[in-house]
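*Asks:* Sharing structure13.csv, CSV, C-alpha atoms:
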chain,number,residue,atom,x,y,z
A,1301,MET,CA,-4.6,3.4,-10.7
A,1302,THR,CA,-4.2,6.8,-9.1
A,1303,ALA,CA,-6.2,8.4,-6.4
A,1304,THR,CA,-7.8,11.5,-7.8
A,1305,LEU,CA,-9.0,14.6,-6.1
A,1306,PRO,CA,-12.7,14.6,-5.3
A,1307,THR,CA,-14.9,16.4,-7.7
A,1308,GLY,CA,-17.8,17.2,-5.4
A,1309,SER,CA,-20.0,14.3,-6.5
A,1310,ASP,CA,-21.3,13.7,-3.0
A,1311,ASP,CA,-24.9,14.2,-1.9
A,1312,THR,CA,-24.6,17.9,-1.4
A,1313,GLU,CA,-27.4,20.4,-0.9
A,1314,GLY,CA,-26.5,24.1,-0.3
A,1315,GLY,CA,-23.0,23.2,1.0
A,1316,HIS,CA,-24.5,20.6,3.3
A,1317,HIS,CA,-23.0,17.1,3.0
A,1318,ALA,CA,-25.3,14.3,3.9
A,1319,VAL,CA,-22.6,11.8,4.8
A,1320,LEU,CA,-21.4,14.1,7.5
A,1321,GLU,CA,-24.9,14.2,9.0
A,1322,VAL,CA,-24.8,10.4,8.9
A,1323,ALA,CA,-21.4,10.4,10.6
A,1324,ARG,CA,-22.7,12.6,13.4
A,1325,GLU,CA,-25.7,10.4,14.1
A,1326,GLN,CA,-24.1,7.0,13.5
A,1327,VAL,CA,-20.5,7.4,14.6
A,1328,LEU,CA,-20.5,10.3,17.1
A,1329,ASP,CA,-23.7,9.5,18.8
A,1330,ARG,CA,-23.8,5.7,18.6
A,1331,GLY,CA,-20.1,4.8,18.1
A,1332,VAL,CA,-20.8,2.7,15.0
A,1333,GLY,CA,-18.1,3.1,12.4
A,1334,LEU,CA,-18.8,4.1,8.8
A,1335,ASP,CA,-19.0,1.2,6.4
A,1336,GLU,CA,-17.0,0.9,3.1
A,1337,ALA,CA,-19.5,2.8,1.0
A,1338,GLN,CA,-19.8,5.5,3.5
A,1339,VAL,CA,-16.0,5.8,3.8
A,1340,ARG,CA,-15.8,6.1,0.0
A,1341,GLU,CA,-18.3,9.0,0.2
A,1342,VAL,CA,-16.1,10.7,2.8
A,1343,LEU,CA,-13.0,10.3,0.7
A,1344,GLY,CA,-14.9,12.0,-2.2
A,1345,LEU,CA,-15.9,15.1,-0.2
A,1346,PRO,CA,-14.7,18.3,-1.8
A,1347,ASP,CA,-12.0,20.5,-0.3
A,1348,ASP,CA,-14.4,23.0,1.0
A,1349,ALA,CA,-16.0,20.3,3.2
A,1350,LEU,CA,-12.6,19.4,4.8
A,1351,PRO,CA,-12.8,21.7,7.8
A,1352,GLU,CA,-16.2,20.3,8.8
A,1353,LEU,CA,-15.0,16.7,8.1
A,1354,LEU,CA,-12.0,17.2,10.4
A,1355,GLU,CA,-14.2,18.7,13.1
A,1356,VAL,CA,-16.6,15.7,13.1
A,1357,ALA,CA,-13.6,13.3,13.1
A,1358,HIS,CA,-12.1,15.2,16.0
A,1359,GLU,CA,-15.4,15.1,18.0
A,1360,VAL,CA,-15.6,11.3,17.4
A,1361,ARG,CA,-12.0,10.8,18.6
A,1362,MET,CA,-12.6,12.9,21.7
A,1363,ARG,CA,-16.0,11.2,22.5
A,1364,TRP,CA,-14.8,7.6,22.0
A,1365,CYS,CA,-11.1,7.8,22.8
A,1366,GLY,CA,-10.6,10.8,24.9
A,1367,PRO,CA,-8.0,13.6,24.7
A,1368,ASP,CA,-4.9,11.5,25.5
A,1369,VAL,CA,-2.3,10.9,22.8
A,1370,GLU,CA,-0.2,7.8,22.9
A,1371,VAL,CA,3.5,8.5,22.1
A,1372,GLU,CA,5.8,5.9,20.7
A,1373,GLY,CA,9.4,5.5,19.5
A,1374,ILE,CA,10.4,2.9,17.0
A,1375,VAL,CA,13.8,1.3,16.3
A,1376,SER,CA,15.2,-1.0,13.7
A,1377,LEU,CA,16.9,-4.0,15.3
A,1378,LYS,CA,17.8,-5.5,11.9
A,1379,THR,CA,18.0,-3.2,8.9
A,1380,GLY,CA,18.0,-4.0,5.2
A,1381,GLY,CA,18.7,-7.2,3.3
A,1382,CYS,CA,15.0,-8.3,3.5
A,1383,PRO,CA,14.0,-11.1,1.0
A,1384,GLU,CA,10.6,-9.6,0.4
A,1385,ASP,CA,9.6,-7.2,-2.3
A,1386,CYS,CA,7.3,-4.7,-0.7
A,1387,HIS,CA,7.5,-2.0,-3.4
A,1388,PHE,CA,7.5,0.9,-1.0
A,1389,CYS,CA,10.4,-0.4,1.2
A,1390,SER,CA,14.0,0.6,0.9
A,1391,GLN,CA,15.1,-2.3,3.0
A,1392,SER,CA,14.3,-5.0,0.4
A,1393,GLY,CA,17.4,-6.8,-0.7
A,1394,LEU,CA,15.8,-7.1,-4.2
A,1395,PHE,CA,16.0,-3.4,-5.1
A,1396,SER,CA,18.9,-1.1,-5.8
A,1397,SER,CA,18.3,1.0,-2.6
A,1398,PRO,CA,21.4,2.5,-0.9
A,1399,VAL,CA,20.3,1.0,2.5
A,1400,ARG,CA,22.9,-1.4,3.8
A,1401,ALA,CA,22.2,-4.3,6.2
A,1402,ALA,CA,22.9,-3.6,9.9
A,1403,TRP,CA,22.1,-5.1,13.2
A,1404,LEU,CA,21.7,-3.1,16.4
A,1405,ASP,CA,23.5,-4.7,19.4
A,1406,VAL,CA,21.6,-5.1,22.7
A,1407,PRO,CA,23.3,-2.3,24.7
A,1408,SER,CA,22.5,0.1,21.9
A,1409,LEU,CA,18.9,-1.2,21.8
A,1410,VAL,CA,18.5,-0.6,25.5
A,1411,GLU,CA,20.1,2.9,25.2
A,1412,ALA,CA,17.6,3.7,22.4
A,1413,ALA,CA,14.7,2.6,24.7
A,1414,VAL,CA,16.0,4.7,27.6
A,1415,GLN,CA,16.3,7.8,25.3
A,1416,THR,CA,12.8,7.1,23.9
A,1417,ALA,CA,11.3,6.9,27.4
A,1418,ALA,CA,13.1,10.2,28.3
A,1419,THR,CA,11.0,11.9,25.6
A,1420,GLY,CA,7.8,10.9,27.5
A,1421,ALA,CA,7.0,8.0,25.2
A,1422,THR,CA,5.2,5.0,26.7
A,1423,GLU,CA,5.7,2.7,23.7
A,1424,PHE,CA,8.9,1.3,22.2
A,1425,CYS,CA,8.5,-0.8,19.1
A,1426,ILE,CA,11.4,-3.1,18.0
A,1427,VAL,CA,11.3,-3.7,14.2
A,1428,ALA,CA,13.2,-6.1,12.0
A,1429,ALA,CA,13.2,-6.2,8.2
A,1430,VAL,CA,12.6,-9.9,7.7
A,1431,ARG,CA,10.0,-12.2,6.2
A,1432,GLY,CA,9.7,-13.7,9.6
A,1433,PRO,CA,12.1,-14.1,12.5
A,1434,ASP,CA,14.8,-16.8,12.6
A,1435,GLU,CA,16.3,-18.2,15.8
A,1436,ARG,CA,19.1,-15.6,15.8
A,1437,LEU,CA,16.6,-12.8,15.7
A,1438,MET,CA,14.4,-14.4,18.4
A,1439,ALA,CA,17.4,-14.8,20.6
A,1440,GLN,CA,18.3,-11.2,20.1
A,1441,MET,CA,14.7,-10.2,21.0
A,1442,ARG,CA,14.8,-12.4,24.1
A,1443,GLU,CA,18.0,-10.8,25.4
A,1444,GLY,CA,17.0,-7.3,24.3
A,1445,VAL,CA,13.5,-7.2,25.7
A,1446,ALA,CA,14.7,-8.6,29.0
A,1447,ALA,CA,17.4,-5.9,29.2
A,1448,ILE,CA,15.0,-3.1,28.3
A,1449,ARG,CA,12.5,-4.2,30.9
A,1450,ALA,CA,15.2,-4.3,33.5
A,1451,ALA,CA,16.5,-0.8,32.6
A,1452,VAL,CA,13.4,1.3,31.9
A,1453,ASP,CA,9.6,1.5,32.4
A,1454,ILE,CA,8.2,1.4,28.8
A,1455,ASN,CA,5.8,-0.9,27.0
A,1456,VAL,CA,7.7,-3.0,24.5
A,1457,ALA,CA,6.1,-3.8,21.1
A,1458,ALA,CA,7.5,-5.8,18.2
A,1459,SER,CA,7.3,-6.0,14.4
A,1460,LEU,CA,9.1,-9.0,13.0
A,1461,GLY,CA,7.1,-10.0,10.0
A,1462,MET,CA,5.1,-13.3,9.8
A,1463,LEU,CA,5.2,-15.5,12.8
A,1464,SER,CA,4.6,-19.2,13.7
A,1465,LYS,CA,2.4,-20.0,16.6
A,1466,GLU,CA,5.5,-20.9,18.7
A,1467,GLN,CA,7.1,-17.5,18.0
A,1468,VAL,CA,3.9,-15.7,19.0
A,1469,ASP,CA,4.0,-17.6,22.3
A,1470,ASP,CA,7.7,-16.7,22.7
A,1471,LEU,CA,6.9,-13.0,22.3
A,1472,VAL,CA,4.2,-13.3,24.9
A,1473,ASP,CA,6.6,-15.0,27.3
A,1474,MET,CA,9.2,-12.2,26.7
A,1475,GLY,CA,6.6,-9.6,27.9
A,1476,VAL,CA,6.0,-8.0,24.5
A,1477,HIS,CA,2.5,-6.5,24.8
A,1478,ARG,CA,1.6,-5.4,21.3
A,1479,TYR,CA,2.5,-6.8,17.8
A,1480,ASN,CA,2.6,-4.8,14.7
A,1481,HIS,CA,2.0,-6.4,11.4
A,1482,ASN,CA,0.6,-4.1,8.7
A,1483,LEU,CA,-1.8,-5.3,6.0
A,1484,GLU,CA,-0.4,-2.3,4.1
A,1485,THR,CA,-3.2,-1.7,1.7
A,1486,ALA,CA,-6.6,-3.1,0.5
A,1487,ARG,CA,-6.7,-6.8,-0.2
A,1488,SER,CA,-7.5,-6.0,-3.9
A,1489,TYR,CA,-4.4,-3.8,-4.3
A,1490,PHE,CA,-2.0,-5.9,-2.3
A,1491,PRO,CA,-0.7,-7.9,-5.3
A,1492,HIS,CA,0.4,-4.6,-6.9
A,1493,VAL,CA,2.5,-3.8,-3.7
A,1494,VAL,CA,3.9,-7.2,-2.7
A,1495,THR,CA,4.4,-10.4,-4.7
A,1496,THR,CA,6.6,-12.5,-2.4
A,1497,HIS,CA,3.8,-13.2,0.1
A,1498,THR,CA,0.0,-12.7,0.3
A,1499,TRP,CA,-2.4,-10.5,2.2
A,1500,GLU,CA,-3.9,-13.7,3.6
A,1501,GLU,CA,-0.6,-14.8,5.1
A,1502,ARG,CA,-0.4,-11.5,6.9
A,1503,TRP,CA,-4.0,-11.9,8.1
A,1504,GLU,CA,-3.1,-15.4,9.5
A,1505,THR,CA,-0.3,-13.9,11.6
A,1506,LEU,CA,-2.7,-11.2,12.9
A,1507,ARG,CA,-5.2,-13.9,13.8
A,1508,MET,CA,-2.6,-15.8,15.9
A,1509,VAL,CA,-1.4,-12.7,17.6
A,1510,ARG,CA,-4.9,-11.8,18.7
A,1511,GLU,CA,-5.6,-15.4,19.9
A,1512,ALA,CA,-2.5,-15.3,22.0
A,1513,GLY,CA,-3.7,-12.2,23.8
A,1514,LEU,CA,-1.3,-9.7,22.4
A,1515,GLU,CA,-2.6,-6.3,21.4
A,1516,VAL,CA,-2.9,-6.1,17.6
A,1517,CYS,CA,-1.3,-3.2,15.8
A,1518,CYS,CA,-2.2,-3.1,12.1
A,1519,GLY,CA,-2.3,-0.4,9.5
A,1520,GLY,CA,-0.6,0.5,6.3
A,1521,ILE,CA,0.4,3.1,3.8
A,1522,VAL,CA,-1.8,5.3,1.7
A,1523,GLY,CA,-0.8,7.1,-1.5
A,1524,MET,CA,0.7,4.0,-3.2
A,1525,GLY,CA,-1.4,4.4,-6.3
A,1526,GLU,CA,-4.6,2.8,-4.9
A,1527,THR,CA,-7.9,4.2,-5.9
A,1528,LEU,CA,-10.3,5.9,-3.5
A,1529,GLU,CA,-12.4,2.8,-3.7
A,1530,GLN,CA,-9.5,0.7,-2.6
A,1531,ARG,CA,-8.7,3.1,0.2
A,1532,ALA,CA,-12.2,2.7,1.5
A,1533,GLU,CA,-11.9,-1.0,1.1
A,1534,PHE,CA,-8.8,-1.0,3.2
A,1535,ALA,CA,-10.5,1.0,6.0
A,1536,ALA,CA,-13.4,-1.5,6.0
A,1537,GLN,CA,-11.0,-4.4,6.2
A,1538,LEU,CA,-9.2,-2.8,9.1
A,1539,ALA,CA,-12.5,-2.2,10.8
A,1540,GLU,CA,-13.3,-5.9,10.3
A,1541,LEU,CA,-10.0,-6.8,12.0
A,1542,SER,CA,-10.7,-4.3,14.8
A,1543,PRO,CA,-7.1,-3.7,15.8
A,1544,HIS,CA,-6.1,-2.0,19.0
A,1545,GLU,CA,-4.0,0.4,17.0
A,1546,VAL,CA,-3.8,1.5,13.3
A,1547,PRO,CA,-0.6,3.2,12.2
A,1548,LEU,CA,-1.2,5.4,9.2
A,1549,ASN,CA,1.7,6.0,6.9
A,1550,PHE,CA,1.8,8.2,3.9
A,1551,LEU,CA,4.1,7.0,1.1
A,1552,ASN,CA,7.5,8.6,1.2
A,1553,PRO,CA,8.9,7.5,-2.2
A,1554,ARG,CA,12.3,5.9,-1.6
A,1555,PRO,CA,15.0,6.0,-4.2
A,1556,GLY,CA,15.7,2.7,-5.8
A,1557,THR,CA,12.3,1.1,-5.0
A,1558,PRO,CA,9.5,0.4,-7.5
A,1559,PHE,CA,7.5,3.2,-5.9
A,1560,GLY,CA,10.4,5.6,-5.9
A,1561,ASP,CA,8.9,7.8,-8.6
A,1562,GLN,CA,5.4,8.0,-7.1
A,1563,PRO,CA,4.2,11.5,-6.3
A,1564,VAL,CA,3.8,12.6,-2.7
A,1565,MET,CA,0.2,12.5,-1.7
A,1566,PRO,CA,-1.5,15.9,-1.6
A,1567,ALA,CA,-2.1,17.1,1.9
A,1568,ALA,CA,-5.8,17.5,1.5
A,1569,ASP,CA,-6.1,13.9,0.5
A,1570,ALA,CA,-4.0,12.8,3.5
A,1571,LEU,CA,-6.3,14.8,5.9
A,1572,ARG,CA,-9.4,13.4,4.3
A,1573,THR,CA,-8.0,9.9,4.7
A,1574,ILE,CA,-7.2,10.5,8.4
A,1575,ALA,CA,-10.7,11.7,9.1
A,1576,ALA,CA,-12.3,8.8,7.0
A,1577,PHE,CA,-10.3,6.2,8.9
A,1578,ARG,CA,-11.3,7.8,12.2
A,1579,LEU,CA,-14.9,7.6,11.2
A,1580,ALA,CA,-14.5,4.0,10.2
A,1581,LEU,CA,-12.6,3.1,13.4
A,1582,PRO,CA,-14.1,5.3,16.2
A,1583,ARG,CA,-12.5,3.6,19.1
A,1584,THR,CA,-9.1,2.6,17.7
A,1585,ILE,CA,-5.7,4.2,18.4
A,1586,LEU,CA,-5.0,6.0,15.1
A,1587,ARG,CA,-1.3,6.8,14.9
A,1588,TYR,CA,0.6,9.2,12.8
A,1589,ALA,CA,3.5,7.1,11.3
A,1590,GLY,CA,5.9,7.6,8.4
A,1591,GLY,CA,5.6,10.2,5.7
A,1592,ARG,CA,3.7,12.8,7.6
A,1593,GLU,CA,6.5,15.3,7.5
A,1594,ILE,CA,6.8,15.4,3.7
A,1595,THR,CA,3.0,15.0,3.1
A,1596,LEU,CA,1.5,17.3,5.7
A,1597,GLY,CA,4.3,19.5,7.1
A,1598,ASP,CA,4.0,21.3,10.4
A,1599,LEU,CA,0.6,22.8,9.7
A,1600,GLY,CA,-0.9,19.6,8.4
A,1601,THR,CA,0.4,17.7,11.4
A,1602,ARG,CA,-1.6,20.0,13.6
A,1603,ASP,CA,-4.7,19.6,11.4
A,1604,GLY,CA,-4.5,15.8,11.6
A,1605,LEU,CA,-4.2,15.9,15.4
A,1606,LEU,CA,-7.4,18.0,15.3
A,1607,GLY,CA,-9.0,15.6,12.8
A,1608,GLY,CA,-8.9,12.1,14.3
A,1609,ILE,CA,-5.3,11.2,15.1
A,1610,ASN,CA,-4.7,10.3,18.7
A,1611,ALA,CA,-1.2,8.8,18.7
A,1612,VAL,CA,2.2,9.7,17.2
A,1613,ILE,CA,5.6,8.2,16.5
A,1614,VAL,CA,8.0,10.7,17.8
A,1615,GLY,CA,11.5,11.2,16.5
A,1616,ASN,CA,13.0,9.2,13.7
A,1617,TYR,CA,11.7,6.3,11.7
A,1618,LEU,CA,13.4,3.2,10.5
A,1619,THR,CA,15.3,4.6,7.5
A,1620,THR,CA,14.3,8.2,7.5
A,1621,LEU,CA,14.3,11.0,10.0
A,1622,GLY,CA,11.3,12.7,11.7
A,1623,ARG,CA,10.6,15.9,13.5
A,1624,PRO,CA,12.4,16.3,16.9
A,1625,ALA,CA,10.3,14.7,19.6
A,1626,THR,CA,10.3,18.0,21.5
A,1627,ASP,CA,8.4,19.7,18.5
A,1628,ASP,CA,5.6,17.1,18.7
A,1629,LEU,CA,5.4,17.3,22.5
A,1630,ALA,CA,5.2,21.1,22.4
A,1631,LEU,CA,2.4,20.8,19.8
A,1632,LEU,CA,0.5,18.4,22.0
A,1633,GLU,CA,0.8,20.8,25.0
A,1634,GLU,CA,-0.4,23.7,22.9
A,1635,LEU,CA,-3.4,21.6,21.8
A,1636,SER,CA,-4.1,20.6,25.4
A,1637,MET,CA,-3.7,17.0,24.5
A,1638,PRO,CA,-2.0,15.1,27.4
A,1639,VAL,CA,0.5,12.4,26.7
A,1640,LYS,CA,-1.0,9.0,27.6
A,1641,ALA,CA,0.5,7.8,30.9
A,1642,LEU,CA,2.3,4.5,31.2
A,1643,ASN,CA,-0.1,1.7,32.2
A,1644,ALA,CA,0.5,0.9,35.9
A,1645,MET,CA,0.0,-2.8,35.1
A,1646,LEU,CA,3.3,-3.2,33.4
B,467,MET,CA,44.6,20.5,8.6
B,468,THR,CA,41.7,21.4,6.3
B,469,GLU,CA,38.7,19.2,5.8
B,470,PRO,CA,38.7,17.4,2.5
B,471,ALA,CA,36.3,18.8,-0.1
B,472,THR,CA,33.0,17.1,-0.5
B,473,VAL,CA,33.0,15.3,-3.8
B,474,TRP,CA,30.1,12.9,-3.7
B,475,CYS,CA,26.5,13.5,-2.9
B,476,ALA,CA,25.6,11.9,0.5
B,477,ARG,CA,22.1,11.0,-0.8
B,478,CYS,CA,22.4,9.8,-4.4
B,479,GLY,CA,26.1,9.0,-4.5
B,480,GLU,CA,26.7,11.0,-7.7
B,481,ASP,CA,29.4,13.5,-8.4
B,482,ARG,CA,28.3,16.8,-6.9
B,483,SER,CA,30.2,18.8,-9.5
B,484,ASP,CA,28.2,17.2,-12.3
B,485,SER,CA,24.8,18.6,-11.6
B,486,ALA,CA,22.7,20.5,-9.0
B,487,HIS,CA,21.8,18.5,-5.9
B,488,LEU,CA,19.3,20.9,-4.5
B,489,ALA,CA,16.6,18.2,-4.2
B,490,CYS,CA,19.1,15.9,-2.5
B,491,ASP,CA,20.1,18.6,-0.1
B,492,VAL,CA,16.5,19.3,0.8
B,493,ALA,CA,15.8,15.6,1.2
B,494,LEU,CA,18.8,15.2,3.6
B,495,VAL,CA,16.9,17.3,6.2
B,496,LEU,CA,14.8,14.2,6.7
B,497,GLU,CA,17.2,11.5,5.8
B,498,PRO,CA,20.6,10.4,7.1
B,499,PRO,CA,23.5,10.3,4.6
B,500,ARG,CA,23.8,7.0,2.7
B,501,TYR,CA,27.1,7.6,0.8
B,502,CYS,CA,30.4,8.7,2.1
B,503,THR,CA,31.0,12.2,0.6
B,504,ARG,CA,34.8,11.5,0.3
B,505,CYS,CA,34.9,8.1,-1.4
B,506,ARG,CA,31.3,7.3,-2.5
B,507,ARG,CA,31.1,4.0,-0.4
B,508,ARG,CA,27.7,3.1,0.8
B,509,MET,CA,27.7,3.6,4.5
B,510,VAL,CA,26.2,1.4,7.3
B,511,VAL,CA,23.5,3.6,8.8
B,512,GLN,CA,21.7,3.0,12.1
B,513,ILE,CA,18.8,5.2,13.0
B,514,VAL,CA,17.3,5.4,16.5
B,515,PRO,CA,14.4,7.6,17.7
B,516,THR,CA,16.7,10.4,18.8
B,517,GLY,CA,19.6,10.2,16.4
B,518,TRP,CA,21.6,8.4,13.7
B,519,SER,CA,25.1,7.1,12.9
B,520,ALA,CA,26.6,6.5,9.5
B,521,ARG,CA,29.8,4.5,9.1
B,522,CYS,CA,32.2,4.4,6.2
B,523,SER,CA,34.6,1.5,6.3
B,524,GLU,CA,37.4,3.8,5.1
B,525,HIS,CA,36.6,7.2,6.6
B,526,GLY,CA,34.9,6.5,9.9
B,527,GLU,CA,31.6,7.5,11.5
B,528,ARG,CA,29.3,10.5,11.3
B,529,ARG,CA,26.6,11.1,13.9
B,530,GLY,CA,23.5,13.2,14.3
B,531,GLY,CA,21.4,13.8,17.3
B,532,ASN,CA,21.6,11.3,20.2
B,533,ALA,CA,22.9,8.4,18.1
B,534,VAL,CA,23.8,5.1,19.7
B,535,GLY,CA,26.5,3.0,18.4
B,536,PRO,CA,28.1,0.7,17.4
B,537,VAL,CA,26.4,-1.2,14.6
B,538,ALA,CA,27.3,-4.7,13.5
B,539,THR,CA,26.7,-6.1,10.1
How does this structure look as structure tokens?

*Replies:*
Amino acid sequence: MTATLPTGSDDTEGGHHAVLEVAREQVLDRGVGLDEAQVREVLGLPDDALPELLEVAHEVRMRWCGPDVEVEGIVSLKTGGCPEDCHFCSQSGLFSSPVRAAWLDVPSLVEAAVQTAATGATEFCIVAAVRGPDERLMAQMREGVAAIRAAVDINVAASLGMLSKEQVDDLVDMGVHRYNHNLETARSYFPHVVTTHTWEERWETLRMVREAGLEVCCGGIVGMGETLEQRAEFAAQLAELSPHEVPLNFLNPRPGTPFGDQPVMPAADALRTIAAFRLALPRTILRYAGGREITLGDLGTRDGLLGGINAVIVGNYLTTLGRPATDDLALLEELSMPVKALNAML
Amino acid sequence: MTEPATVWCARCGEDRSDSAHLACDVALVLEPPRYCTRCRRRMVVQIVPTGWSARCSEHGERRGGNAVGPVAT
């Protein structure tokens, strides 16, 4: 199942694309996101419609989210040795990936938060490669989050896999304000990506997170071999969840993983996906996450920021490196997109 | 004292004299080293937003950017 380039099968008349007119009236004017069938139409637009599509998506973002860009840094608290088999991930202990297990100690975690805040970032997400946290990890979180909050003004988010209700409540008590748990892909494609747990188990954690009052961060990875129909399905499922933030990753094929030989997604497909997700989720924080450097490069990064993206992960990722934070911040300044300020209600 | 010659590829861990490693060299712009280039051991790597560190149990640590240390396994 491979995503194919569109063939211009949309409802086109003289270079005019009907779905973009619908997007202007429905999403831009009324703030109602495109549904699954409409997103599929957008994903099938031909390359010559891409500039207009990005323009509409940018207008939607500016109208319903504003010009601010939320900047975040992420760090791996516990790397590698994960018992799950997410086929894109080099941290699974089930694959022959060269990534070795490592734990970050609390002083180093705090130092990473301080360095992240110094870039102008307002979000710092602590990530662990686990099925779900055990008591050792929760204890490390308790100590680490307290130390970060004592040392630096930055919002702390977490991504620790599947949670129990008690663990959700613990994270709230620690002062974690947002929880990331990606659905990764469409429900219909999930069994081709992960076999050690289900899409529904992930949904259940997201439900508990929301009920506890934490902000929900939920996105996924595109370019894993899903069809355009499944990509549209995924956008619709995210819209149903209505998360505060959607991190959008593009597959960066990792050596030793089952998806290690997948091709890198074409840049035009990636940009169409960004715009389509923005049109499905007009009010959501849509964040550039992993894989954008190899998929889009510098020019594409700029195009995406002018095509629906309103948040970035700056600097490095969990197992790969990113552009220097200074490059992204200079680009935001050039585009007259202010970095979102830290919420005064910390 | 001269630096020992690089023998092993930092990305794939194979012998650099056996074949071209252009793709590995390109990839290493956006990846930290995973293998010690002197002994081929897999290294313990820690990445933070502004840097990275990679430690070989035999040949010590390499760092890039504003790495933080130490890592514990």

*Asks:* Would you list the residues near (-18.7, 18.2, 0.8), meaning any protein, DNA or RNA residue with an atom at most 6 Å from that point in file coordinates, counting only C-alpha atoms, as a VMD selection string?

*Replies:* chain A and resid 1317 1345 to 1346 1349

*Asks:* Can you check which residues of chain B have any atom within 12 Å of chain A? Use all atoms listed in the file and format it as a PyMOL selection string.

*Replies:* chain B and resi 476-479+490+492-502+506-522+530-539

*Asks:* By how many Å are atom CA of Pro1547 of chain A and atom CA of Ala1589 of chain A apart?

*Replies:*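 Taking atom CA of Pro1547 of chain A and atom CA of Ala1589 of chain A, their separation equals 5.7 Å.
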
*Asks:* For atom CA of Pro1638 of chain A and atom CA of Thr1422 of chain A, determine how far apart the two atoms are, in Å to one decimal place.

*Replies:*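 Atom CA of Pro1638 of chain A sits 12.4 Å away from atom CA of Thr1422 of chain A.
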
*Asks:* Take atom CA of Thr1584 of chain A and atom CA of Leu1632 of chain A and report the distance between them in Å, one decimal.

*Replies:*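 So the answer is 19.0 Å.
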
*Asks:* Would you please work out which residue, of A:Glu1370, A:Val1430, A:Thr1495, A:Phe1388, is nearest to Asp1628 of chain A when using all atoms listed in the file?

*Replies:* A:Glu1370

*Asks:* Which is closer to Met1474 of chain A than all the others in A:Glu1443, A:Glu1336, A:Asp1453, A:Glu1501, using only C-alpha atoms?

*Replies:* A:Glu1443

*Asks:* Which residues come within 9 Å of Thr503 of chain B, counting only C-alpha atoms, excluding same-chain residues fewer than 6 positions away, as number ranges by chain?

*Replies:* B: 471-476, 479

*Asks:* When distances are computed from all atoms listed in the file, which of A:Met1565, A:Met1441, A:Ala1611, A:Val1427 shows the smallest separation from Val1546 of chain A?

*Replies:*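 Among A:Met1565, A:Met1441, A:Ala1611, A:Val1427, it is A:Ala1611 that comes nearest to Val1546 of chain A.
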
*Asks:* Calculated over all atoms listed in the file, which of the candidates A:Pro1558, A:Pro1582, A:Gly1607, A:Gly1461 has the smallest distance to Asp1385 of chain A?

*Replies:*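 The shortest atom-to-atom distance to Asp1385 of chain A comes from A:Pro1558.
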
*Asks:* So which residues are close to (-5.5, 15.8, 13.3), meaning at most 10 Å away in the file's coordinates with all atoms listed in the file counted, and can you show them as a PyMOL selection string?

*Replies:* chain A and resi 1354-1355+1357-1358+1361+1571+1574-1575+1578+1586+1588+1599-1611

*Asks:* Could you name the residues that touch Val1456 of chain A at 8 Å or less, counting all atoms listed in the file, but leaving out those on the same chain fewer than 5 positions away, as number ranges by chain?

*Replies:* A: 1423-1426, 1445, 1475-1478

*Asks:* Could you list, as a list of chain:residue names, every residue within 12 Å of His1492 of chain A, counting all atoms listed in the file and ignoring same-chain residues fewer than 3 positions away?

*Replies:*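 What passes the distance filter is A:Met1301, A:Asp1385, A:Cys1386, A:His1387, A:Phe1388, A:Glu1484, A:Thr1485, A:Ala1486, A:Arg1487, A:Ser1488, A:Tyr1489, A:Thr1495, A:Thr1496, A:His1497, A:Thr1498, A:Trp1499, A:Met1524, A:Gly1525, A:Glu1526, A:Pro1558, A:Phe1559.
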
*Asks:* Find the residues near segment 1508-1510 of chain A: any atom within 10 Å, counting only C-alpha atoms, skip ones fewer than 3 places away on the same chain, and give them as a list in words.

*Replies:*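 With the cut-off at 10 Å, the set is Leu1463, Ser1464, Lys1465, Glu1466, Gln1467, Val1468, Asp1469, Leu1471, Val1472, Arg1478, Tyr1479, Asn1480, His1481, Trp1503, Glu1504, Thr1505, Gly1513, Leu1514, Glu1515, Val1516, Cys1517, Leu1541, Pro1543 and His1544 of chain A.
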